[in-house]
>>> print(open('model30.cif').read())   # mmCIF, C-alpha atoms
data_my_file
loop_
_atom_site.label_atom_id
_atom_site.label_comp_id
_atom_site.auth_asym_id
_atom_site.auth_seq_id
_atom_site.Cartn_x
_atom_site.Cartn_y
_atom_site.Cartn_z
CA MET A 1 117.85 -41.30 -139.39
CA MET A 2 119.66 -44.57 -138.83
CA ILE A 3 123.40 -44.15 -138.99
CA PHE A 4 123.94 -46.63 -141.86
CA GLU A 5 120.79 -45.78 -143.85
CA LYS A 6 122.51 -43.45 -146.33
CA ILE A 7 124.86 -46.16 -147.60
CA HIS A 8 123.65 -47.00 -151.10
CA THR A 9 124.08 -50.33 -152.86
CA VAL A 10 127.75 -50.70 -153.80
CA PRO A 11 128.10 -51.67 -157.49
CA THR A 12 130.38 -54.44 -158.71
CA SER A 13 133.40 -53.67 -160.90
CA GLU A 14 131.55 -55.01 -163.95
CA GLU A 15 128.56 -52.74 -163.28
CA LEU A 16 130.84 -49.72 -162.93
CA ILE A 17 132.76 -50.56 -166.12
CA ASN A 18 129.55 -51.00 -168.12
CA LYS A 19 128.12 -47.75 -166.77
CA ALA A 20 131.25 -45.70 -167.45
CA PHE A 21 131.95 -46.99 -170.94
CA LYS A 22 128.31 -46.74 -172.05
CA ARG A 23 128.24 -43.12 -170.88
CA ALA A 24 131.52 -42.52 -172.71
CA ALA A 25 130.08 -44.00 -175.92
CA ARG A 26 127.09 -41.65 -175.62
CA ALA A 27 129.47 -38.72 -175.21
CA MET A 28 131.12 -39.68 -178.51
CA SER A 29 127.85 -40.23 -180.34
CA GLY A 30 126.70 -36.72 -179.39
CA LYS A 31 129.61 -35.06 -181.13
CA THR A 32 129.84 -34.09 -184.80
CA ILE A 33 133.32 -34.94 -186.09
CA GLU A 34 134.13 -32.73 -189.02
CA ASN A 35 137.91 -32.67 -188.93
CA ARG A 36 141.03 -34.09 -187.27
CA GLU A 37 140.77 -31.72 -184.32
CA GLY A 38 137.15 -32.78 -183.67
CA ARG A 39 138.19 -36.44 -183.78
CA PHE A 40 140.84 -35.88 -181.11
CA ARG A 41 138.43 -33.86 -178.96
CA ALA A 42 135.81 -36.62 -179.20
CA ASN A 43 138.24 -39.32 -178.02
CA GLU A 44 139.45 -37.08 -175.24
CA SER A 45 135.83 -36.47 -174.18
CA MET A 46 135.17 -40.22 -174.12
CA LEU A 47 138.14 -40.80 -171.85
CA LEU A 48 137.29 -37.99 -169.45
CA THR A 49 133.62 -38.98 -169.31
CA ALA A 50 134.49 -42.57 -168.38
CA ALA A 51 137.08 -41.43 -165.84
CA ASN A 52 134.62 -38.99 -164.22
CA ILE A 53 131.97 -41.70 -163.90
CA PHE A 54 134.50 -43.97 -162.20
CA THR A 55 135.93 -41.35 -159.85
CA ASP A 56 132.53 -39.91 -158.89
CA ASN A 57 131.02 -43.32 -158.15
CA LEU A 58 134.03 -44.50 -156.17
CA ALA A 59 134.23 -41.24 -154.19
CA ASN A 60 130.51 -41.51 -153.38
CA ILE A 61 130.98 -45.06 -152.05
CA VAL A 62 133.65 -43.83 -149.63
CA ARG A 63 131.71 -40.69 -148.66
CA ARG A 64 128.49 -42.51 -147.82
CA PHE A 65 130.11 -44.81 -145.28
CA PRO A 66 130.29 -43.10 -141.88
CA SER A 67 133.54 -42.11 -140.24
CA PHE A 68 134.01 -45.16 -138.02
CA ASP A 69 136.22 -43.34 -135.53
CA GLN A 70 133.33 -40.94 -134.88
CA LEU A 71 130.65 -43.60 -134.46
CA PRO A 72 128.95 -43.97 -131.07
CA ARG A 73 130.84 -46.73 -129.22
CA PHE A 74 127.81 -49.08 -129.32
CA TYR A 75 127.67 -48.96 -133.12
CA TYR A 76 131.44 -49.19 -133.44
CA GLU A 77 131.50 -52.41 -131.40
CA ILE A 78 128.52 -53.90 -133.25
CA ALA A 79 129.98 -53.03 -136.68
CA ASP A 80 133.32 -54.52 -135.63
CA ILE A 81 131.61 -57.74 -134.53
CA LEU A 82 129.55 -58.08 -137.70
CA VAL A 83 131.90 -57.01 -140.48
CA GLY A 84 135.24 -55.89 -138.98
CA ILE A 85 136.13 -52.19 -138.77
CA GLU A 86 139.73 -52.64 -139.93
CA LYS A 87 138.61 -54.68 -142.93
CA LEU A 88 136.08 -51.96 -143.78
CA LYS A 89 138.73 -49.25 -143.52
CA MET A 90 141.10 -51.20 -145.76
CA SER A 91 138.45 -51.77 -148.44
CA LEU A 92 137.37 -48.12 -148.34
CA ALA A 93 141.04 -47.09 -148.63
CA SER A 94 141.37 -49.33 -151.71
CA VAL A 95 138.31 -47.72 -153.30
CA ASP A 96 139.65 -44.24 -152.49
CA TRP A 97 143.02 -45.18 -154.00
CA ALA A 98 141.31 -46.41 -157.19
CA SER A 99 139.35 -43.16 -157.51
CA LYS A 100 142.53 -41.08 -157.30
CA LYS A 101 144.53 -43.45 -159.52
CA ILE A 102 141.90 -43.32 -162.26
CA HIS A 103 141.97 -39.53 -162.21
CA GLU A 104 145.78 -39.59 -162.49
CA VAL A 105 145.81 -42.18 -165.31
CA ALA A 106 143.09 -40.39 -167.27
CA ARG A 107 144.98 -37.09 -167.13
CA SER A 108 148.18 -38.71 -168.34
CA TYR A 109 146.34 -40.36 -171.27
CA VAL A 110 144.74 -37.07 -172.27
CA GLY A 111 148.28 -35.84 -172.89
CA LYS A 112 149.12 -39.02 -174.82
CA ILE A 113 146.05 -38.60 -177.01
CA ARG A 114 147.05 -35.03 -177.84
CA ASP A 115 150.60 -36.16 -178.72
CA SER A 116 149.48 -39.12 -180.85
CA ASP A 117 148.95 -39.42 -184.58
CA ILE A 118 145.82 -41.57 -184.20
CA PRO A 119 143.75 -41.07 -180.99
CA GLU A 120 141.62 -44.26 -180.95
CA PRO A 121 144.37 -46.81 -180.00
CA VAL A 122 145.55 -44.55 -177.17
CA ARG A 123 142.01 -44.05 -175.88
CA LYS A 124 141.39 -47.84 -176.03
CA GLU A 125 144.63 -48.44 -174.14
CA ALA A 126 143.46 -45.91 -171.52
CA PHE A 127 140.12 -47.73 -171.20
CA GLY A 128 142.04 -50.96 -170.61
CA ARG A 129 144.06 -49.33 -167.82
CA LEU A 130 140.94 -47.88 -166.18
CA ALA A 131 139.10 -51.22 -166.37
CA SER A 132 142.12 -52.98 -164.87
CA ILE A 133 142.16 -50.61 -161.88
CA ILE A 134 138.44 -51.14 -161.28
CA LYS A 135 138.74 -54.93 -161.54
CA SER A 136 141.58 -54.88 -159.01
CA ILE A 137 139.17 -53.62 -156.31
CA ASN A 138 136.23 -55.91 -157.14
CA LYS A 139 136.71 -57.93 -153.94
CA ASP A 140 136.60 -54.70 -151.95
CA LEU A 141 133.41 -53.59 -153.71
CA LEU A 142 131.74 -56.95 -153.05
CA PHE A 143 132.76 -56.86 -149.38
CA LEU A 144 131.54 -53.29 -148.92
CA ASN A 145 128.15 -54.13 -150.41
CA GLU A 146 127.85 -57.17 -148.15
CA ALA A 147 128.81 -55.01 -145.15
CA ARG A 148 126.29 -52.37 -146.21
CA ASN A 149 123.50 -54.96 -146.34
CA ILE A 150 124.35 -56.18 -142.83
CA LEU A 151 124.82 -52.77 -141.21
CA ARG A 152 121.55 -51.40 -142.61
CA LYS A 153 119.71 -54.05 -140.56
CA LEU A 154 120.96 -52.66 -137.26
CA PRO A 155 118.26 -51.18 -135.05
CA ASP A 156 118.01 -47.43 -134.61
CA VAL A 157 119.57 -47.20 -131.16
CA GLN A 158 120.00 -43.58 -130.14
CA ASP A 159 122.85 -42.21 -128.07
CA GLU A 160 120.59 -41.26 -125.15
CA PRO A 161 119.74 -42.53 -121.63
CA THR A 162 118.56 -46.11 -122.01
CA ILE A 163 116.70 -48.75 -120.01
CA VAL A 164 117.66 -52.25 -121.18
CA ILE A 165 115.06 -54.89 -120.35
CA ALA A 166 116.19 -58.44 -119.52
CA GLY A 167 114.40 -61.60 -118.42
CA TYR A 168 112.96 -64.82 -119.83
CA PRO A 169 110.35 -64.75 -122.63
CA ASN A 170 106.70 -64.18 -121.71
CA VAL A 171 107.42 -62.50 -118.36
CA GLY A 172 105.78 -59.28 -119.62
CA LYS A 173 108.70 -57.26 -120.98
CA SER A 174 107.00 -56.12 -124.19
CA SER A 175 103.86 -55.16 -122.24
CA PHE A 176 106.04 -53.08 -119.92
CA VAL A 177 107.71 -51.30 -122.86
CA SER A 178 104.28 -50.56 -124.36
CA LYS A 179 102.98 -49.21 -121.03
CA ILE A 180 105.80 -46.74 -120.44
CA THR A 181 106.42 -45.48 -123.98
CA SER A 182 104.23 -42.87 -125.61
CA ALA A 183 103.90 -44.44 -129.08
CA SER A 184 103.88 -48.02 -130.24
CA PRO A 185 107.41 -49.36 -129.77
CA GLU A 186 109.31 -49.95 -132.98
CA ILE A 187 110.31 -53.54 -133.67
CA ALA A 188 113.49 -53.39 -135.75
CA PRO A 189 115.43 -56.31 -137.26
CA TYR A 190 118.51 -57.39 -135.34
CA PRO A 191 121.31 -59.26 -137.11
CA PHE A 192 122.01 -61.62 -134.21
CA THR A 193 118.53 -63.03 -133.63
CA THR A 194 115.45 -64.27 -135.43
CA LYS A 195 113.35 -61.70 -133.54
CA GLY A 196 113.46 -57.93 -133.77
CA VAL A 197 114.70 -55.68 -131.00
CA THR A 198 111.89 -53.61 -129.49
CA ILE A 199 112.73 -49.95 -128.99
CA GLY A 200 110.44 -47.41 -127.36
CA HIS A 201 110.88 -43.83 -126.15
CA PHE A 202 109.38 -41.60 -123.49
CA ILE A 203 110.03 -38.06 -122.27
CA ARG A 204 110.32 -36.98 -118.65
CA ASN A 205 111.10 -33.41 -117.61
CA GLY A 206 112.16 -32.55 -121.15
CA VAL A 207 114.62 -35.45 -121.40
CA ARG A 208 114.06 -38.27 -123.92
CA TYR A 209 114.74 -41.80 -122.71
CA GLN A 210 115.08 -45.01 -124.69
CA VAL A 211 113.73 -48.43 -123.67
CA MET A 212 115.22 -51.49 -125.32
CA ASP A 213 114.14 -55.14 -125.20
CA THR A 214 116.46 -57.54 -127.06
CA PRO A 215 114.73 -60.88 -127.52
CA GLY A 216 117.26 -63.60 -128.28
CA LEU A 217 120.05 -61.86 -126.38
CA LEU A 218 119.07 -61.25 -122.76
CA ASP A 219 116.36 -63.87 -122.41
CA ARG A 220 118.28 -67.13 -122.13
CA PRO A 221 121.42 -68.59 -120.50
CA MET A 222 124.87 -67.65 -121.81
CA SER A 223 125.56 -71.30 -122.64
CA GLU A 224 122.87 -71.10 -125.34
CA ARG A 225 124.39 -68.04 -127.04
CA ASN A 226 126.95 -68.13 -129.83
CA TYR A 227 130.09 -65.99 -130.00
CA ILE A 228 128.50 -63.13 -131.96
CA GLU A 229 125.57 -62.95 -129.54
CA ARG A 230 127.97 -62.78 -126.59
CA GLN A 231 129.89 -59.97 -128.29
CA ALA A 232 126.63 -58.15 -129.01
CA ILE A 233 125.81 -58.28 -125.31
CA THR A 234 129.22 -56.76 -124.61
CA ALA A 235 128.38 -53.85 -126.96
CA ILE A 236 125.34 -52.97 -124.81
CA HIS A 237 127.80 -51.92 -122.08
CA PHE A 238 128.67 -48.88 -124.17
CA LEU A 239 125.15 -47.47 -124.02
CA ASP A 240 124.28 -44.88 -121.39
CA ALA A 241 122.11 -47.52 -119.77
CA VAL A 242 120.71 -49.24 -116.72
CA VAL A 243 119.31 -52.78 -116.78
CA MET A 244 115.89 -53.83 -115.52
CA PHE A 245 115.56 -57.58 -114.96
CA MET A 246 111.97 -58.82 -114.91
CA ILE A 247 110.95 -62.00 -113.09
CA ASP A 248 107.60 -63.80 -113.25
CA PRO A 249 107.11 -65.38 -109.79
CA SER A 250 103.82 -66.91 -110.93
CA GLU A 251 105.78 -69.08 -113.40
CA SER A 252 102.94 -68.57 -115.91
CA CYS A 253 105.65 -67.58 -118.40
CA GLY A 254 106.63 -71.26 -118.62
CA TYR A 255 109.95 -70.93 -116.78
CA GLU A 256 110.54 -72.00 -113.19
CA ILE A 257 111.71 -69.45 -110.62
CA ALA A 258 115.00 -71.36 -110.18
CA ASP A 259 115.80 -70.94 -113.89
CA GLN A 260 114.90 -67.25 -113.79
CA LYS A 261 117.18 -66.76 -110.77
CA ARG A 262 120.06 -68.42 -112.63
CA LEU A 263 119.59 -66.08 -115.60
CA LEU A 264 119.52 -63.14 -113.17
CA GLU A 265 122.87 -64.22 -111.72
CA GLU A 266 124.34 -64.45 -115.23
CA ILE A 267 123.12 -60.93 -116.05
CA LYS A 268 124.70 -59.66 -112.81
CA GLU A 269 128.00 -61.36 -113.70
CA ASN A 270 128.10 -60.11 -117.29
CA PHE A 271 126.85 -56.55 -116.84
CA GLU A 272 128.61 -53.85 -114.92
CA LEU A 273 125.60 -51.61 -115.45
CA PRO A 274 123.24 -50.67 -112.59
CA LEU A 275 120.56 -53.36 -112.20
CA LEU A 276 116.99 -53.20 -110.89
CA VAL A 277 115.14 -56.50 -110.28
CA ILE A 278 111.37 -56.32 -110.51
CA ALA A 279 108.61 -58.94 -110.43
CA ASN A 280 105.65 -58.77 -112.80
CA LYS A 281 102.15 -60.29 -112.62
CA ALA A 282 101.44 -59.11 -109.06
CA ASP A 283 97.75 -59.29 -110.00
CA ARG A 284 97.83 -63.10 -110.32
CA PRO A 285 96.75 -65.29 -107.36
CA GLU A 286 99.84 -67.52 -107.74
CA PHE A 287 102.17 -64.50 -107.46
CA ARG A 288 104.67 -64.80 -104.58
CA LYS A 289 107.15 -62.40 -103.06
CA MET A 290 110.86 -63.05 -103.59
CA ASP A 291 113.92 -61.82 -101.68
CA GLU A 292 115.80 -61.02 -104.91
CA VAL A 293 113.03 -58.68 -106.11
CA GLU A 294 113.21 -54.98 -105.25
CA MET A 295 109.81 -53.89 -106.63
CA ASN A 296 106.58 -55.56 -107.76
CA ILE A 297 104.39 -54.54 -110.69
CA SER A 298 101.47 -55.64 -112.82
CA THR A 299 101.46 -54.71 -116.49
CA ILE A 300 97.78 -55.74 -116.54
CA ASN A 301 96.45 -53.16 -114.06
CA GLY A 302 99.45 -50.79 -113.96
CA GLU A 303 100.27 -51.42 -110.31
CA GLY A 304 103.78 -50.26 -109.33
CA ILE A 305 104.83 -49.13 -112.83
CA GLU A 306 105.18 -45.43 -111.96
CA GLU A 307 107.27 -46.27 -108.90
CA VAL A 308 109.54 -48.51 -110.98
CA MET A 309 109.95 -45.75 -113.57
CA ASP A 310 110.89 -43.24 -110.88
CA ARG A 311 113.50 -45.64 -109.51
CA LEU A 312 114.99 -46.37 -112.96
CA LEU A 313 115.37 -42.66 -113.70
CA GLU A 314 117.01 -42.18 -110.29
CA MET A 315 119.46 -44.97 -111.19
CA ILE A 316 120.32 -43.31 -114.50
CA GLU A 317 121.00 -40.02 -112.70
CA GLU A 318 123.05 -41.78 -109.99
CA LYS A 319 125.10 -43.53 -112.69
CA ARG A 320 125.80 -40.23 -114.43
CA LEU A 321 126.85 -38.52 -111.20
CA LEU A 322 129.16 -41.44 -110.41
CA SER A 323 130.66 -41.37 -113.91
CA SER A 324 131.30 -37.63 -113.74
CA SER A 325 132.93 -37.94 -110.30
CA GLU A 326 135.23 -40.70 -111.58
CA GLU A 327 136.48 -38.65 -114.55
CA PRO A 328 140.06 -37.42 -113.97
CA ASP A 329 140.43 -33.72 -113.28
CA GLU A 330 142.07 -31.68 -116.03
CA ASP A 331 145.68 -30.76 -115.34
CA THR A 332 145.71 -27.11 -114.35
CA ASP A 333 149.51 -26.75 -114.27
#
>>> encode(input="model30.cif", output="structure tokens")
Amino acid sequence: MMIFEKIHTVPTSEELINKAFKRAARAMSGKTIENREGRFRANESMLLTAANIFTDNLANIVRRFPSFDQLPRFYYEIADILVGIEKLKMSLASVDWASKKIHEVARSYVGKIRDSDIPEPVRKEAFGRLASIIKSINKDLLFLNEARNILRKLPDVQDEPTIVIAGYPNVGKSSFVSKITSASPEIAPYPFTTKGVTIGHFIRNGVRYQVMDTPGLLDRPMSERNYIERQAITAIHFLDAVVMFMIDPSESCGYEIADQKRLLEEIKENFELPLLVIANKADRPEFRKMDEVEMNISTINGEGIEEVMDRLLEMIEEKRLLSSSEEPDEDTD
């Protein structure tokens, strides 16, 4: 399940106030008031009902957002780019404060109702206090709902070994993803681009691998990307990933080899991840061999695909071994 899927729509302060006070009115209407004691109990019930609606709804808002400090680093970086982690934490803290404050205020007014001669004015004063607290966090509620709508659009990127596909459009990346993944790759919306990120999976030797093609991010020069897109590319570094750059030497993709080479150099400069350069469309008569290319394939007839897959998995294993050897030894003193 996607990490932000369980975040429900965050209500506005007005929606919360209407919900709580309507429920409180129903609590009153369900009671038979036969004497002074019943009248006091009914007003007390109204107050506690409204307060419980507020505190429960506010607590649920906070609970449904994930713990950002425990997010996978990829999602943490993406969420920070899109909405701002610190701003999210501050708004959630405000909502949590309001939930606790309402509980505190309601309890104090229950005592005031019991000590009063006439309960209704005290209960109305309490409602005013509760509404004021809720209104004071309306900006936080609006921001959290906006953040929720953005974060729910993030693709379902798993924390597992990943092959990130790069290269100009129409070089055959999506065909490659379809060839190597067992089911039809999922095309999920991506907040940075007009196209959806393509995510596929395959299993080798009991290990599940993820294949990711990000149209709009890794298929054009850096100079054409805005700040958020550049930051999104940075977030990809935090995946357990290797990069496969695909070139079309036949130029049938519509991009000249010189342009594809320039994009390759940019990917090399901006990614510290292991990189494999392959050429597609080896079945075409206009295909030519290139010095930069390490392996040739054809997504039409399947030529070279198994060999490329073997090499990519070797690279993932090599990267893991290197990472584990670079980790500092625990102090045994």
>>> resolve_selection(input="model30.cif", expression="the PyMOL selection byres ((chain A and resi 63) around 12)", output="MDAnalysis selection string")
chainID A and resid 4 6:8 10 55:62 64:68 92:93 95:96 99
>>> resolve_selection(input="model30.cif", expression="the PyMOL selection byres ((chain A and resi 210) around 12)", output="number ranges by chain")
A: 156-165, 177, 180-182, 185-186, 198-204, 207-209, 211-213, 239-243, 312-313, 316
>>> atom_distance(input="model30.cif", atom1="atom CA of A:Gly167", atom2="atom CA of A:Leu321")
27.2 Å
>>> resolve_selection(input="model30.cif", expression="the PyMOL selection byres ((chain A and resi 265) around 12)", output="PyMOL selection string")
chain A and resi 166-167+220-222+245+258-264+266-271+275+277+292
>>> write_last_selection(input="model30.cif", atoms="C-alpha atoms", output="CSV table (one decimal), keeping the file's coordinate frame")
chain,number,residue,atom,x,y,z
A,166,ALA,CA,116.2,-58.4,-119.5
A,167,GLY,CA,114.4,-61.6,-118.4
A,220,ARG,CA,118.3,-67.1,-122.1
A,221,PRO,CA,121.4,-68.6,-120.5
A,222,MET,CA,124.9,-67.6,-121.8
A,245,PHE,CA,115.6,-57.6,-115.0
A,258,ALA,CA,115.0,-71.4,-110.2
A,259,ASP,CA,115.8,-70.9,-113.9
A,260,GLN,CA,114.9,-67.2,-113.8
A,261,LYS,CA,117.2,-66.8,-110.8
A,262,ARG,CA,120.1,-68.4,-112.6
A,263,LEU,CA,119.6,-66.1,-115.6
A,264,LEU,CA,119.5,-63.1,-113.2
A,266,GLU,CA,124.3,-64.4,-115.2
A,267,ILE,CA,123.1,-60.9,-116.0
A,268,LYS,CA,124.7,-59.7,-112.8
A,269,GLU,CA,128.0,-61.4,-113.7
A,270,ASN,CA,128.1,-60.1,-117.3
A,271,PHE,CA,126.8,-56.6,-116.8
A,275,LEU,CA,120.6,-53.4,-112.2
A,277,VAL,CA,115.1,-56.5,-110.3
A,292,GLU,CA,115.8,-61.0,-104.9
>>> closest_residue(input="model30.cif", among="A:Ser223, A:Asn280, A:Ser178, A:Asn18", to="A:Val293", atoms="only C-alpha atoms")
A:Asn280
>>> closest_residue(input="model30.cif", among="A:Ile150, A:Val122, A:Ala79, A:Ile133", to="A:Ala98", atoms="all atoms listed in the file")
A:Ile133
>>> atom_distance(input="model30.cif", atom1="atom CA of A:Arg36", atom2="atom CA of A:Glu104")
25.8 Å
>>> atom_distance(input="model30.cif", atom1="atom CA of A:Ala235", atom2="atom CA of A:Leu218")
12.6 Å
>>> residues_around(input="model30.cif", residues="A:Thr12", least_positions_apart="3", cutoff="12 Å", atoms="only C-alpha atoms", output="PyMOL selection string")
chain A and resi 9+15-19+54+57-58+61+95+134-146
>>> closest_residue(input="model30.cif", among="A:Leu71, A:Val105, A:Ile113, A:Met309", to="A:Asn43", atoms="only C-alpha atoms")
A:Ile113
>>> closest_residue(input="model30.cif", among="A:Phe287, A:Phe21, A:Tyr109, A:Tyr168", to="A:Ala50", atoms="only C-alpha atoms")
A:Phe21
>>> residues_around(input="model30.cif", residues="A:Gly254", least_positions_apart="5", cutoff="10 Å", atoms="all atoms listed in the file", output="JSON, numbers by chain")
{"A": [168, 169, 170, 171, 248]}
>>> decode(input="model30.cif", residues="stretch 206-257 of chain A", atoms="C-alpha atoms", output="compact mmCIF listing (two decimals), in the first residue's frame")
# COMPACT_ATOMS: atom_id res chain seq x y z
CA GLY A 206 13.78 -15.10 -4.89
CA VAL A 207 14.67 -11.39 -4.83
CA ARG A 208 12.20 -8.77 -6.10
CA TYR A 209 13.63 -5.95 -8.19
CA GLN A 210 12.04 -2.68 -9.25
CA VAL A 211 12.40 -1.00 -12.66
CA MET A 212 11.61 2.69 -12.92
CA ASP A 213 11.29 4.95 -15.97
CA THR A 214 10.66 8.62 -15.15
CA PRO A 215 9.53 10.44 -18.29
CA GLY A 216 9.99 14.18 -17.90
CA LEU A 217 12.91 13.81 -15.48
CA LEU A 218 15.73 11.78 -17.04
CA ASP A 219 14.88 12.26 -20.70
CA ARG A 220 16.01 15.81 -21.43
CA PRO A 221 18.87 18.23 -20.64
CA MET A 222 19.20 19.74 -17.16
CA SER A 223 18.80 23.23 -18.63
CA GLU A 224 15.19 22.36 -19.50
CA ARG A 225 14.30 21.24 -15.97
CA ASN A 226 12.92 23.49 -13.25
CA TYR A 227 14.12 23.57 -9.64
CA ILE A 228 11.62 21.00 -8.35
CA GLU A 229 12.50 18.57 -11.15
CA ARG A 230 16.21 18.93 -10.33
CA GLN A 231 15.49 18.24 -6.67
CA ALA A 232 13.38 15.21 -7.63
CA ILE A 233 16.35 13.84 -9.55
CA THR A 234 18.46 14.31 -6.43
CA ALA A 235 15.95 12.20 -4.44
CA ILE A 236 16.53 9.25 -6.79
CA HIS A 237 20.05 9.01 -5.33
CA PHE A 238 18.52 7.67 -2.13
CA LEU A 239 17.09 4.58 -3.82
CA ASP A 240 19.04 1.33 -3.74
CA ALA A 241 19.58 1.78 -7.46
CA VAL A 242 21.72 1.52 -10.55
CA VAL A 243 21.09 3.56 -13.70
CA MET A 244 20.74 2.17 -17.21
CA PHE A 245 21.14 4.79 -19.93
CA MET A 246 19.62 3.79 -23.28
CA ILE A 247 20.85 5.23 -26.57
CA ASP A 248 19.25 4.86 -30.01
CA PRO A 249 22.17 4.88 -32.50
CA SER A 250 19.71 4.61 -35.40
CA GLU A 251 18.38 8.08 -34.49
CA SER A 252 14.88 6.82 -35.35
CA CYS A 253 13.81 8.22 -31.97
CA GLY A 254 14.09 11.71 -33.46
CA TYR A 255 17.20 12.76 -31.51
CA GLU A 256 20.70 12.92 -32.97
CA ILE A 257 23.49 10.84 -31.44
